[in-house]
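Chemist: model15.txt is reproduced below (compact mmCIF, N, CA and C atoms).
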# COMPACT_ATOMS: atom_id res chain seq x y z
N MET A 1 57.88 127.51 77.92
CA MET A 1 59.32 127.41 78.05
C MET A 1 59.70 127.87 79.45
N SER A 2 60.60 127.16 80.09
CA SER A 2 60.96 127.51 81.46
C SER A 2 61.99 128.62 81.48
N LYS A 3 61.91 129.43 82.53
CA LYS A 3 62.86 130.52 82.69
C LYS A 3 63.89 130.12 83.73
N LEU A 4 65.06 130.67 83.61
CA LEU A 4 66.14 130.40 84.54
C LEU A 4 65.89 131.18 85.82
N THR A 5 65.83 130.45 86.93
CA THR A 5 65.59 131.11 88.22
C THR A 5 66.93 131.47 88.87
N ALA A 6 66.85 132.31 89.87
CA ALA A 6 68.07 132.72 90.60
C ALA A 6 68.73 131.50 91.27
N GLU A 7 67.89 130.59 91.78
CA GLU A 7 68.44 129.38 92.42
C GLU A 7 69.17 128.50 91.41
N GLN A 8 68.61 128.38 90.22
CA GLN A 8 69.25 127.58 89.19
C GLN A 8 70.58 128.21 88.76
N LEU A 9 70.59 129.52 88.64
CA LEU A 9 71.80 130.23 88.25
C LEU A 9 72.88 130.08 89.33
N THR A 10 72.48 130.24 90.58
CA THR A 10 73.43 130.08 91.69
C THR A 10 73.97 128.65 91.72
N SER A 11 73.11 127.69 91.52
CA SER A 11 73.53 126.29 91.51
C SER A 11 74.51 126.02 90.37
N ALA A 12 74.23 126.57 89.21
CA ALA A 12 75.12 126.39 88.06
C ALA A 12 76.48 127.03 88.31
N GLN A 13 76.47 128.21 88.94
CA GLN A 13 77.73 128.88 89.24
C GLN A 13 78.54 128.10 90.27
N LYS A 14 77.87 127.57 91.29
CA LYS A 14 78.56 126.75 92.30
C LYS A 14 79.16 125.51 91.66
N ASN A 15 78.39 124.90 90.76
CA ASN A 15 78.88 123.71 90.07
C ASN A 15 80.10 124.04 89.22
N ALA A 16 80.04 125.14 88.50
CA ALA A 16 81.17 125.55 87.65
C ALA A 16 82.40 125.84 88.49
N LEU A 17 82.20 126.49 89.63
CA LEU A 17 83.33 126.78 90.52
C LEU A 17 83.92 125.49 91.07
N GLY A 18 83.07 124.55 91.43
CA GLY A 18 83.55 123.25 91.92
C GLY A 18 84.38 122.51 90.88
N VAL A 19 83.91 122.56 89.64
CA VAL A 19 84.65 121.90 88.55
C VAL A 19 85.99 122.60 88.32
N ALA A 20 85.98 123.93 88.34
CA ALA A 20 87.23 124.68 88.15
C ALA A 20 88.22 124.37 89.26
N GLN A 21 87.73 124.26 90.49
CA GLN A 21 88.61 123.91 91.60
C GLN A 21 89.17 122.51 91.45
N SER A 22 88.35 121.58 90.98
CA SER A 22 88.82 120.21 90.76
C SER A 22 89.92 120.17 89.70
N VAL A 23 89.70 120.88 88.62
CA VAL A 23 90.71 120.92 87.55
C VAL A 23 91.99 121.57 88.05
N ALA A 24 91.85 122.65 88.80
CA ALA A 24 93.03 123.33 89.35
C ALA A 24 93.78 122.41 90.31
N ALA A 25 93.06 121.67 91.13
CA ALA A 25 93.71 120.76 92.08
C ALA A 25 94.49 119.68 91.35
N VAL A 26 93.92 119.15 90.28
CA VAL A 26 94.62 118.13 89.48
C VAL A 26 95.87 118.74 88.84
N ALA A 27 95.74 119.93 88.30
CA ALA A 27 96.88 120.58 87.64
C ALA A 27 97.99 120.88 88.64
N ILE A 28 97.63 121.35 89.82
CA ILE A 28 98.65 121.67 90.82
C ILE A 28 99.32 120.40 91.33
N ALA A 29 98.55 119.35 91.56
CA ALA A 29 99.14 118.09 92.00
C ALA A 29 100.10 117.54 90.94
N SER A 30 99.73 117.67 89.70
CA SER A 30 100.59 117.22 88.60
C SER A 30 101.87 118.04 88.56
N TRP A 31 101.74 119.35 88.70
CA TRP A 31 102.90 120.23 88.69
C TRP A 31 103.83 119.89 89.84
N GLU A 32 103.27 119.60 91.02
CA GLU A 32 104.10 119.23 92.17
C GLU A 32 104.88 117.95 91.90
N LYS A 33 104.23 116.98 91.26
CA LYS A 33 104.92 115.73 90.93
C LYS A 33 106.06 115.98 89.95
N TYR A 34 105.80 116.81 88.94
CA TYR A 34 106.87 117.15 87.99
C TYR A 34 108.03 117.86 88.68
N ALA A 35 107.70 118.77 89.58
CA ALA A 35 108.75 119.51 90.30
C ALA A 35 109.59 118.56 91.16
N GLU A 36 108.93 117.66 91.87
CA GLU A 36 109.65 116.69 92.69
C GLU A 36 110.54 115.80 91.83
N LEU A 37 110.02 115.38 90.70
CA LEU A 37 110.80 114.55 89.79
C LEU A 37 112.02 115.30 89.27
N ASN A 38 111.83 116.55 88.89
CA ASN A 38 112.94 117.33 88.36
C ASN A 38 113.99 117.63 89.43
N VAL A 39 113.56 117.90 90.65
CA VAL A 39 114.53 118.12 91.74
C VAL A 39 115.33 116.84 91.98
N ALA A 40 114.66 115.72 92.03
CA ALA A 40 115.35 114.44 92.25
C ALA A 40 116.32 114.14 91.11
N ALA A 41 115.90 114.40 89.88
CA ALA A 41 116.77 114.14 88.73
C ALA A 41 117.98 115.07 88.74
N THR A 42 117.78 116.31 89.11
CA THR A 42 118.89 117.26 89.17
C THR A 42 119.88 116.87 90.26
N LYS A 43 119.37 116.51 91.43
CA LYS A 43 120.25 116.07 92.51
C LYS A 43 121.06 114.86 92.09
N ALA A 44 120.39 113.90 91.47
CA ALA A 44 121.09 112.69 91.04
C ALA A 44 122.15 113.02 90.00
N ALA A 45 121.81 113.89 89.07
CA ALA A 45 122.77 114.25 88.02
C ALA A 45 124.00 114.92 88.61
N ILE A 46 123.79 115.80 89.56
CA ILE A 46 124.92 116.52 90.15
C ILE A 46 125.75 115.62 91.06
N LEU A 47 125.08 114.90 91.94
CA LEU A 47 125.80 114.13 92.95
C LEU A 47 126.40 112.83 92.42
N GLU A 48 125.67 112.13 91.58
CA GLU A 48 126.12 110.81 91.15
C GLU A 48 127.11 110.87 89.98
N THR A 49 126.94 111.82 89.10
CA THR A 49 127.83 111.84 87.94
C THR A 49 129.09 112.66 88.17
N GLY A 50 129.12 113.46 89.20
CA GLY A 50 130.29 114.29 89.46
C GLY A 50 131.54 113.48 89.70
N ASP A 51 131.46 112.46 90.54
CA ASP A 51 132.62 111.62 90.84
C ASP A 51 133.08 110.86 89.60
N ASP A 52 132.13 110.32 88.84
CA ASP A 52 132.48 109.60 87.62
C ASP A 52 133.16 110.52 86.62
N PHE A 53 132.67 111.72 86.51
CA PHE A 53 133.26 112.68 85.57
C PHE A 53 134.69 113.04 85.98
N LEU A 54 134.90 113.24 87.27
CA LEU A 54 136.25 113.55 87.75
C LEU A 54 137.20 112.38 87.52
N SER A 55 136.72 111.17 87.68
CA SER A 55 137.59 110.01 87.45
C SER A 55 137.93 109.87 85.97
N SER A 56 137.00 110.27 85.10
CA SER A 56 137.29 110.19 83.66
C SER A 56 138.34 111.23 83.26
N LEU A 57 138.39 112.32 83.98
CA LEU A 57 139.41 113.34 83.68
C LEU A 57 140.81 112.87 84.09
N GLY A 58 140.87 111.92 85.01
CA GLY A 58 142.16 111.41 85.46
C GLY A 58 142.72 110.31 84.58
N ALA A 59 142.07 109.98 83.48
CA ALA A 59 142.55 108.92 82.58
C ALA A 59 143.85 109.37 81.93
N THR A 60 144.79 108.43 81.84
CA THR A 60 146.12 108.77 81.30
C THR A 60 146.29 108.34 79.85
N THR A 61 145.55 107.35 79.42
CA THR A 61 145.67 106.88 78.04
C THR A 61 144.34 107.07 77.32
N ALA A 62 144.38 106.98 76.02
CA ALA A 62 143.17 107.12 75.21
C ALA A 62 142.19 105.99 75.52
N THR A 63 142.70 104.79 75.74
CA THR A 63 141.83 103.65 76.04
C THR A 63 141.13 103.87 77.38
N ASP A 64 141.88 104.34 78.37
CA ASP A 64 141.27 104.62 79.67
C ASP A 64 140.22 105.73 79.56
N SER A 65 140.52 106.73 78.75
CA SER A 65 139.60 107.84 78.56
C SER A 65 138.30 107.37 77.90
N LEU A 66 138.40 106.54 76.86
CA LEU A 66 137.21 106.00 76.19
C LEU A 66 136.41 105.11 77.12
N ALA A 67 137.08 104.29 77.91
CA ALA A 67 136.39 103.41 78.85
C ALA A 67 135.67 104.24 79.91
N ALA A 68 136.30 105.31 80.38
CA ALA A 68 135.67 106.16 81.37
C ALA A 68 134.44 106.86 80.78
N GLN A 69 134.56 107.32 79.55
CA GLN A 69 133.42 107.98 78.90
C GLN A 69 132.27 107.00 78.71
N ALA A 70 132.60 105.78 78.32
CA ALA A 70 131.57 104.76 78.12
C ALA A 70 130.87 104.44 79.45
N SER A 71 131.64 104.45 80.53
CA SER A 71 131.02 104.16 81.83
C SER A 71 130.11 105.30 82.26
N LEU A 72 130.34 106.50 81.75
CA LEU A 72 129.47 107.64 82.06
C LEU A 72 128.17 107.59 81.28
N VAL A 73 128.23 107.13 80.05
CA VAL A 73 127.08 107.19 79.15
C VAL A 73 125.98 106.21 79.56
N LYS A 74 126.33 104.99 79.92
CA LYS A 74 125.33 103.97 80.22
C LYS A 74 124.40 104.38 81.37
N PRO A 75 124.93 104.83 82.50
CA PRO A 75 124.00 105.25 83.57
C PRO A 75 123.14 106.45 83.17
N LEU A 76 123.69 107.35 82.38
CA LEU A 76 122.90 108.51 81.95
C LEU A 76 121.74 108.09 81.05
N VAL A 77 121.98 107.14 80.18
CA VAL A 77 120.91 106.65 79.30
C VAL A 77 119.83 105.97 80.14
N GLU A 78 120.27 105.15 81.10
CA GLU A 78 119.29 104.46 81.95
C GLU A 78 118.47 105.46 82.76
N LYS A 79 119.12 106.50 83.27
CA LYS A 79 118.40 107.51 84.04
C LYS A 79 117.46 108.32 83.14
N SER A 80 117.88 108.56 81.92
CA SER A 80 117.01 109.28 80.99
C SER A 80 115.75 108.47 80.67
N ILE A 81 115.92 107.18 80.50
CA ILE A 81 114.77 106.30 80.24
C ILE A 81 113.84 106.29 81.45
N SER A 82 114.42 106.18 82.63
CA SER A 82 113.63 106.18 83.86
C SER A 82 112.88 107.50 84.02
N TYR A 83 113.56 108.60 83.74
CA TYR A 83 112.93 109.92 83.83
C TYR A 83 111.76 110.01 82.85
N SER A 84 111.98 109.56 81.63
CA SER A 84 110.91 109.60 80.62
C SER A 84 109.70 108.78 81.05
N ARG A 85 109.95 107.63 81.63
CA ARG A 85 108.84 106.80 82.12
C ARG A 85 108.09 107.49 83.25
N SER A 86 108.83 108.15 84.12
CA SER A 86 108.18 108.87 85.22
C SER A 86 107.34 110.02 84.70
N VAL A 87 107.85 110.76 83.73
CA VAL A 87 107.09 111.86 83.13
C VAL A 87 105.82 111.31 82.47
N TYR A 88 105.95 110.21 81.77
CA TYR A 88 104.79 109.59 81.12
C TYR A 88 103.76 109.15 82.16
N ALA A 89 104.22 108.58 83.27
CA ALA A 89 103.29 108.14 84.32
C ALA A 89 102.54 109.32 84.91
N ILE A 90 103.24 110.42 85.16
CA ILE A 90 102.59 111.62 85.70
C ILE A 90 101.56 112.15 84.69
N ALA A 91 101.95 112.21 83.43
CA ALA A 91 101.03 112.70 82.40
C ALA A 91 99.81 111.80 82.27
N SER A 92 100.01 110.50 82.37
CA SER A 92 98.89 109.56 82.28
C SER A 92 97.94 109.72 83.46
N GLU A 93 98.50 109.87 84.66
CA GLU A 93 97.66 110.07 85.84
C GLU A 93 96.85 111.36 85.73
N THR A 94 97.50 112.40 85.27
CA THR A 94 96.83 113.68 85.11
C THR A 94 95.72 113.58 84.07
N ASN A 95 96.01 112.94 82.96
CA ASN A 95 95.02 112.75 81.90
C ASN A 95 93.82 111.96 82.42
N ALA A 96 94.08 110.91 83.19
CA ALA A 96 92.98 110.10 83.72
C ALA A 96 92.11 110.91 84.69
N ALA A 97 92.75 111.71 85.53
CA ALA A 97 91.99 112.53 86.48
C ALA A 97 91.15 113.58 85.76
N LEU A 98 91.72 114.22 84.76
CA LEU A 98 90.97 115.23 84.00
C LEU A 98 89.85 114.58 83.18
N ALA A 99 90.10 113.40 82.66
CA ALA A 99 89.07 112.69 81.90
C ALA A 99 87.90 112.32 82.81
N GLU A 100 88.21 111.94 84.04
CA GLU A 100 87.16 111.60 85.00
C GLU A 100 86.27 112.82 85.29
N ILE A 101 86.91 113.97 85.46
CA ILE A 101 86.15 115.21 85.71
C ILE A 101 85.28 115.53 84.48
N ALA A 102 85.86 115.42 83.29
CA ALA A 102 85.12 115.73 82.07
C ALA A 102 83.95 114.76 81.87
N GLU A 103 84.16 113.49 82.15
CA GLU A 103 83.08 112.51 82.00
C GLU A 103 81.94 112.79 82.97
N ALA A 104 82.28 113.18 84.19
CA ALA A 104 81.23 113.51 85.16
C ALA A 104 80.44 114.72 84.69
N GLN A 105 81.12 115.73 84.15
CA GLN A 105 80.44 116.91 83.63
C GLN A 105 79.56 116.56 82.44
N PHE A 106 80.08 115.71 81.56
CA PHE A 106 79.29 115.31 80.39
C PHE A 106 78.04 114.56 80.82
N ALA A 107 78.18 113.67 81.80
CA ALA A 107 77.02 112.91 82.28
C ALA A 107 75.98 113.85 82.89
N GLN A 108 76.46 114.84 83.64
CA GLN A 108 75.54 115.81 84.24
C GLN A 108 74.82 116.63 83.16
N LEU A 109 75.57 117.09 82.16
CA LEU A 109 74.96 117.86 81.07
C LEU A 109 73.97 117.01 80.27
N ASN A 110 74.32 115.75 80.07
CA ASN A 110 73.45 114.84 79.34
C ASN A 110 72.14 114.63 80.10
N ASP A 111 72.24 114.45 81.42
CA ASP A 111 71.03 114.29 82.23
C ASP A 111 70.16 115.54 82.16
N ALA A 112 70.78 116.71 82.24
CA ALA A 112 70.03 117.96 82.16
C ALA A 112 69.35 118.10 80.80
N TRP A 113 70.06 117.74 79.75
CA TRP A 113 69.50 117.81 78.40
C TRP A 113 68.30 116.88 78.27
N MET A 114 68.44 115.65 78.76
CA MET A 114 67.34 114.69 78.66
C MET A 114 66.13 115.17 79.48
N ALA A 115 66.38 115.76 80.63
CA ALA A 115 65.28 116.29 81.44
C ALA A 115 64.57 117.42 80.69
N SER A 116 65.35 118.25 80.03
CA SER A 116 64.78 119.35 79.25
C SER A 116 63.94 118.83 78.10
N VAL A 117 64.42 117.82 77.40
CA VAL A 117 63.68 117.23 76.28
C VAL A 117 62.38 116.60 76.78
N GLU A 118 62.45 115.90 77.91
CA GLU A 118 61.26 115.28 78.47
C GLU A 118 60.24 116.34 78.89
N SER A 119 60.73 117.43 79.48
CA SER A 119 59.85 118.52 79.89
C SER A 119 59.17 119.15 78.68
N MET A 120 59.92 119.36 77.61
CA MET A 120 59.32 119.92 76.40
C MET A 120 58.28 118.97 75.80
N ALA A 121 58.58 117.67 75.85
CA ALA A 121 57.64 116.68 75.31
C ALA A 121 56.36 116.65 76.13
N GLN A 122 56.47 116.78 77.44
CA GLN A 122 55.27 116.77 78.29
C GLN A 122 54.45 118.05 78.14
N ASN A 123 55.10 119.15 77.85
CA ASN A 123 54.41 120.42 77.74
C ASN A 123 54.05 120.80 76.30
N ALA A 124 54.23 119.88 75.38
CA ALA A 124 53.90 120.15 73.99
C ALA A 124 52.38 120.21 73.82
N PRO A 125 51.94 121.01 72.88
CA PRO A 125 50.49 121.10 72.63
C PRO A 125 49.95 119.75 72.15
N ALA A 126 48.70 119.53 72.41
CA ALA A 126 48.06 118.28 71.99
C ALA A 126 48.13 118.14 70.48
N GLY A 127 48.38 116.92 70.04
CA GLY A 127 48.41 116.62 68.62
C GLY A 127 49.78 116.81 67.98
N THR A 128 50.83 117.10 68.76
CA THR A 128 52.15 117.29 68.16
C THR A 128 53.08 116.12 68.45
N GLU A 129 52.50 114.96 68.75
CA GLU A 129 53.32 113.80 69.08
C GLU A 129 54.23 113.43 67.98
Would you mind giving the structure from this file in structure tokens?
Modeler:
Amino acid sequence: MSKLTAEQLTSAQKNALGVAQSVAAVAIASWEKYAELNVAATKAAILETGDDFLSSLGATTATDSLAAQASLVKPLVEKSISYSRSVYAIASETNAALAEIAEAQFAQLNDAWMASVESMAQNAPAGTE
């Protein structure tokens, strides 16, 4: 049975650190995208709806008031749908990046496992085929 050498341990630690850095980079990039999206959505909500809201307050009749409210709702719904799609796109990109990292790790572990099995098969005592 093979023993773990210092070089193998160091290599494994470097690999684990590299994977952790990759995952952290993906998470931070995703967080930055969410932050940018939220800042843009907040700016749009404050700047674009403020004038419409003020104009709805100036309505003199019930019909004008209802029409003004209706004109406020449609853009908000459209922006909410757009925001949801953007959040979904960011989540999908993040998921794909993390899945790629996980698949690479799984492939590496699978290769190591197969090498270990082959080594054990080659070093097995005679007659244990």
Chemist: Between A:Ile46, A:Ile90, A:Ala96, A:Met120, which one has atoms that come closest to Tyr34 in chain A, using only C-alpha atoms?
Modeler: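 Using only C-alpha atoms, Tyr34 in chain A sits closest to A:Ile90.
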Chemist: Could you give me, as number ranges by chain, the residues that have an atom at most 7 Å away from the point (117.3, 110.7, 87.0) in the coordinates of the file, using only C-alpha atoms?
Modeler: A: 40-41, 44-45, 79-80, 82-83
Chemist: Which is closest to Ala68 in chain A among A:Asp52, A:Ile81, A:Gln122, A:Ala6, if we use all atoms listed in the file?
Modeler: A:Asp52
Chemist: For CA of Ala126 in chain A and CA of Thr5 in chain A, determine how far apart the two atoms are, in Å to one decimal place.
Modeler: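 CA of Ala126 in chain A sits 27.1 Å away from CA of Thr5 in chain A.
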Chemist: Ranking A:Asn15, A:Glu48, A:Leu4, A:Ala112 by minimum distance to Leu76 in chain A and counting only C-alpha atoms, which one comes first?
Modeler: A:Glu48
Chemist: Just want the 8 Å neighbourhood of range 25-31 of chain A, counted on all atoms listed in the file, with same-chain residues fewer than 3 positions away dropped. Output as a PDB file with N, CA and C atoms, keeping the file's coordinate frame.
Modeler:
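Wrote out39.pdb, looks like this:
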ATOM      1  N   VAL A  19      83.910 122.560  89.640  1.00  0.00           N
ATOM      2  CA  VAL A  19      84.650 121.900  88.550  1.00  0.00           C
ATOM      3  C   VAL A  19      85.990 122.600  88.320  1.00  0.00           C
ATOM      4  N   ALA A  20      85.980 123.930  88.340  1.00  0.00           N
ATOM      5  CA  ALA A  20      87.230 124.680  88.150  1.00  0.00           C
ATOM      6  C   ALA A  20      88.220 124.370  89.260  1.00  0.00           C
ATOM      7  N   GLN A  21      87.730 124.260  90.490  1.00  0.00           N
ATOM      8  CA  GLN A  21      88.610 123.910  91.600  1.00  0.00           C
ATOM      9  C   GLN A  21      89.170 122.510  91.450  1.00  0.00           C
ATOM     10  N   SER A  22      88.350 121.580  90.980  1.00  0.00           N
ATOM     11  CA  SER A  22      88.820 120.210  90.760  1.00  0.00           C
ATOM     12  C   SER A  22      89.920 120.170  89.700  1.00  0.00           C
ATOM     13  N   TYR A  34     105.800 116.810  88.940  1.00  0.00           N
ATOM     14  CA  TYR A  34     106.870 117.150  87.990  1.00  0.00           C
ATOM     15  C   TYR A  34     108.030 117.860  88.680  1.00  0.00           C
ATOM     16  N   ALA A  35     107.700 118.770  89.580  1.00  0.00           N
ATOM     17  CA  ALA A  35     108.750 119.510  90.300  1.00  0.00           C
ATOM     18  C   ALA A  35     109.590 118.560  91.160  1.00  0.00           C
ATOM     19  N   GLU A  36     108.930 117.660  91.870  1.00  0.00           N
ATOM     20  CA  GLU A  36     109.650 116.690  92.690  1.00  0.00           C
ATOM     21  C   GLU A  36     110.540 115.800  91.830  1.00  0.00           C
ATOM     22  N   LEU A  37     110.020 115.380  90.700  1.00  0.00           N
ATOM     23  CA  LEU A  37     110.800 114.550  89.790  1.00  0.00           C
ATOM     24  C   LEU A  37     112.020 115.300  89.270  1.00  0.00           C
ATOM     25  N   ILE A  90     103.240 110.420  85.160  1.00  0.00           N
ATOM     26  CA  ILE A  90     102.590 111.620  85.700  1.00  0.00           C
ATOM     27  C   ILE A  90     101.560 112.150  84.690  1.00  0.00           C
ATOM     28  N   ALA A  91     101.950 112.210  83.430  1.00  0.00           N
ATOM     29  CA  ALA A  91     101.030 112.700  82.400  1.00  0.00           C
ATOM     30  C   ALA A  91      99.810 111.800  82.270  1.00  0.00           C
ATOM     31  N   GLU A  93      98.500 109.870  84.660  1.00  0.00           N
ATOM     32  CA  GLU A  93      97.660 110.070  85.840  1.00  0.00           C
ATOM     33  C   GLU A  93      96.850 111.360  85.730  1.00  0.00           C
ATOM     34  N   THR A  94      97.500 112.400  85.270  1.00  0.00           N
ATOM     35  CA  THR A  94      96.830 113.680  85.110  1.00  0.00           C
ATOM     36  C   THR A  94      95.720 113.580  84.070  1.00  0.00           C
ATOM     37  N   ALA A  97      92.750 111.710  85.530  1.00  0.00           N
ATOM     38  CA  ALA A  97      91.990 112.530  86.480  1.00  0.00           C
ATOM     39  C   ALA A  97      91.150 113.580  85.760  1.00  0.00           C
ATOM     40  N   LEU A  98      91.720 114.220  84.760  1.00  0.00           N
ATOM     41  CA  LEU A  98      90.970 115.230  84.000  1.00  0.00           C
ATOM     42  C   LEU A  98      89.850 114.580  83.180  1.00  0.00           C
TER      43      LEU A  98
END
Chemist: What does the distance between atom C of Ala104 in chain A and atom C of Gly18 in chain A come to in Å, to one decimal place?
Modeler: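 Pair atom C of Ala104 in chain A / atom C of Gly18 in chain A returns 10.7 Å.
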